Each structure stands twice: as structure tokens, then as C-alpha cells.
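Notes follow the structure.
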Amino acid sequence: MSDQETQLQIVSQCEHFLNNLSENDLRLLNRMVVERLNLYRKAKDLNSLAKFNIADRVFFTHNEKNIFGIIIKLNRRSATVQVYDGKQWTVSPQLLTKAGK
């Protein structure tokens, strides 16, 4: 059996399973899926944040332009970057790249 056939079989089994659930069961399943997705997002954010420290020189792209600055604060899901023109940006760590010295 090919991978594609196996995937189709799994999808078919899932559809059959879902068709037999009540509305309350579907709502519970939905909450469980959303919680799992949030957990994955948090882990991804933490992994991205772990690459940076306060005072790191970084850049990110905004409107097709590279914005350079220094990290002044690390939050749970974002970093605050002090840009050289004095502005502060709150940026997702996934959008940041360390800049050369």
C-alpha cells in the first residue's frame, strides 16, 4: 500500500469517526485540538526566543525594508526591539534575524 493510499484510508477512518460523534463530543474534541495547537505554538515561540538575548543586534523586514535594532526586552511570545531611529517594535521572534556586528 502506498503512502497516499494509507493517508486516504486514515482520512476515511477519521471521517467515519467524526460522523458518529454528538455535537457535545465534537465541541470537546475541538477544544482538545485547539489546546494542542496552542501548545505547539508556545513550544515554537519558546524555541525561537531561546535563540536571542537582550542586547542582541537584530533585524526584521517590514514593507520590504530591513529594520535594524537591538533587543531590549524578551516577552513570552515576542521581543521588543529598539530601532536606531528611537522607535520600539514588538516583533515575533520568528521574524527576527541576528545582525552582524
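FYI, nothing fancy with the C-alpha cells labels: chains A, B, ... in order, residues from 1 per chain, ligands from 1 as they appear.
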
From a DSSP calculation on the backbone, collect every residue of chain A in alpha helix (DSSP H) and output the set as a PyMOL selection string.
-> chain A and resi 3-19+23-49

Quote the spacing between CA of Val58 (chain A) and CA of Ala99 (chain A) in Å to one decimal place.
-> 4.6 Å

Pick out the residues sitting within 12 Å of His62 (chain A), and hand them over as a list in words; count only C-alpha atoms, and ignore anything fewer than 2 positions along from it in its own chain.
->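 What passes the distance filter is Phe59, Phe60, Glu64, Lys65, Asn66, Ile67, Phe68, Trp89, Val91, Leu95 and Leu96 of chain A.
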
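Between Tyr84 (chain A) and the candidates A:Ile70, A:Leu28, A:Val33, A:Leu8, the tightest atom-to-atom separation, counting only C-alpha atoms, involves A:Ile70.
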
DSSP on the backbone, then: every residue of chain A marked strand (DSSP E or B), written as number ranges by chain.
-> A: 57-62, 65-74, 79-83, 88-91, 97-98

Residue nearest Ala55 (chain A) among A:Asn20, A:Lys98, A:Ile72, A:Ala79 (counting only C-alpha atoms) =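 Checking each of A:Asn20, A:Lys98, A:Ile72, A:Ala79 against Ala55 (chain A), counting only C-alpha atoms, the winner is A:Ile72.
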
Have a look at CA of Gln82 (chain A) and CA of Lys51 (chain A) and let me know their distance in Å, one decimal.
-> 17.7 Å

Figure out the distance between CA of Ser78 (chain A) and CA of Ser48 (chain A), please, to one decimal in Å.
-> 9.4 Å
